[in-house]
Every structure is written in C-alpha cells, then in structure tokens.
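Read through the structure below, which is laid out as structure tokens, and then see the notes.
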Amino acid sequence: MEILIRQETPEDYQKTEDVVKNAFLNEEYSDKTEHFLVNRIRKSDAFISELSLVAVKQDDEIVGHILLSKIQIVDEGCSVESLALAPVSITPDYQHRGIGSQLIWAALEKAKELGYQSVIVLGHKDYYPRFGFKQANLWNTKAPFAVPNEVFMALELAEGSLETVQGVVQYSKAFDL
C-alpha cells in the first residue's frame with residue numbers, strides 16, 4: 001500500500017480530527033480527547049502548520065496524522081524553545097503497518113529543515129527509542145507532572161543541542177483542559 005505524507009490543510013481538519021478520535025477509541029491510556037487537543041493546538045501560538053502532517057492513501061483517504069508543536073524548556077527564568085510530539089494517530093484499520101513510523105520520520109525531518117533543535121515526547125518506552133529518543137532526564141529535562149522517566153523522552157535534532165539545556169518542559173496552554 002502506497003502512502004503519501006503531506007502537510008495538513010484547513011480542508012483536512014475535520015477528517016483529521018475524526019482519524020485522531022478513532023485512533024484512540026480503544027487505547028487503554030487515553031482519555032479519548034486527543035482530537036480536541038489537536039483542535040486547540042491549531043488555534044494556539046504553538047501551532048506550526050508545516051509540522052502538522054497527514055498520511056493519505058491513493059484514494060485521498062486520510063489514515064494518519066502527526067503534530068509537532070512549540071513548547072519551552074524553562075530553568076530559573078531561562079527558556080529554550082523545543083517541540084512536543086503529540087499526538088500520532090493512525091486509523092485502527094491501518095495500525096501496525098508502518099504508517100506511524102513514516103509520519104514520525106517525516107515530521108522529524110521537516111522539523112530539522114525548519115531549524116528546530118529538539119523534540120520531547122511522552123510515549124511508549126519501547127517505541128520511540130527506534131527514532132533516537134532517549135530519556136529526557138539524561139539532559140536534566142523534566143516533565144511538568146509526575147511521570148516515569150522511561151516514558152518522558154527527548155531527541156536532539158541537532159547534535160549537542162540539549163547539552164546546555166535543562167529544566168522543566170512547559171507545554172502550551174492548548175494542553176490544559
């Protein structure tokens with residue numbers, strides 16, 4: 001099956017939110033509101049349209065979506081911009097076919113092209129390391145809430161970009177409920 005990865009357009013928004021909603025319907029660790037998060041991020045200053053990507057089948061059906069949005073890593077008044085990877089969504093019928101990986105690789109490459117230095121993810125400890133993510137605490141970067149170290153990860157898009165950065169991740173207000 002051939003999949004095209006492209007930038008999401010405003011015409012895709014409703015279809016994308018349906019994909020996100022359906023992707024998390026049966027997920028154990030989901031509050032089933034990820035589609036609302038995507039909507040809020042799009043309306044916030046954290047939104048980067050070039051980093052909202054969709055996976056499209058040959059018949060133009062959207063079967064996946066990924067979103068990287070702006071966050072800050074803050075330490076004693078010093079703040080460094082980074083990106084949050086959240087969420088990655090694949091329609092249930094197309095999960096476990098490598099589409100999520102294609103979306104992640106494409107989004108990370110685009111983020112590099114745009115000059116971003118790092119990405120933070122709260123995700124599965126056995127999935128995200130294949131993309132180069134490591135525990136964020138290796139760089140003294142912490143989540144703003146209690147979470148096991150092995151699921152809160154960071155990735156340097158530019159070598160050494162997190163070496164002099166430390167602090168607590170500050171998500172955009174779009175993440176607040």
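Order determines the names: the first chain of the structure tokens is A, the second B, and so forth; residues in each chain are numbered 1 upward, and ligands are numbered 1 upward as they are shown.
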Those of region 4-174 of chain A in DSSP helix (DSSP H, G or I), formatted as a PyMOL selection string: chain A and resi 10-23+34-42+49-51+92-94+99-113+128-131+136-139+149-151+173-174
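The protein and nucleic acid residues lying at most 9 Å from Leu25 (chain A) are Asp31, Lys32 and Pro92 of chain A, with only C-alpha atoms considered and sequence neighbours fewer than 6 positions away removed.
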Restricting the output to all heavy atoms, write the selected residues as a compact mmCIF listing (two decimals), in the first residue's frame.
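selection18.txt, freshly written:
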# COMPACT_ATOMS: atom_id res chain seq x y z
N ASP A 31 -7.53 9.41 27.35
CA ASP A 31 -8.76 10.00 27.91
C ASP A 31 -9.79 10.25 26.82
O ASP A 31 -10.83 10.84 27.06
CB ASP A 31 -8.46 11.27 28.69
CG ASP A 31 -7.90 12.39 27.82
OD1 ASP A 31 -7.77 12.20 26.59
OD2 ASP A 31 -7.58 13.46 28.37
N LYS A 32 -9.48 9.82 25.59
CA LYS A 32 -10.38 9.90 24.43
C LYS A 32 -10.66 11.34 23.98
O LYS A 32 -11.65 11.61 23.33
CB LYS A 32 -11.72 9.18 24.68
CG LYS A 32 -11.63 7.84 25.36
CD LYS A 32 -10.86 6.82 24.56
CE LYS A 32 -10.92 5.46 25.25
NZ LYS A 32 -9.66 4.88 25.56
N PRO A 92 -7.58 2.82 13.13
CA PRO A 92 -7.38 1.44 13.60
C PRO A 92 -7.14 0.41 12.49
O PRO A 92 -6.27 -0.45 12.64
CB PRO A 92 -8.68 1.14 14.36
CG PRO A 92 -9.08 2.48 14.91
CD PRO A 92 -8.71 3.46 13.81
Please report, as a ChimeraX atom specification, each residue of region 32-165 of chain A to which DSSP assigns strand (DSSP E or B) when run on this structure's backbone. /A:52-56,62-75,78-90,118-122,134-135,141-142,152-156
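With only C-alpha atoms as the atoms that count, the residue of A:Ser161, A:Thr141, A:Ser49, A:Thr91 with the shortest distance to Gln72 (chain A) is A:Thr141.
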Spatial neighbours of Ile71 (chain A), max dist 12 Å, only C-alpha atoms, sep filter under 5 positions, as a ChimeraX atom specification: /A:41,44-48,79-86,116-121,143-144,168-175
Between CA of Arg130 (chain A) and CA of Leu155 (chain A) - distance in Å to one decimal: 11.0 Å
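With distances restricted to only C-alpha atoms, A:Thr33 is the closest residue to Asp176 (chain A) from A:Thr33, A:Ser89, A:Thr16, A:Asn149.
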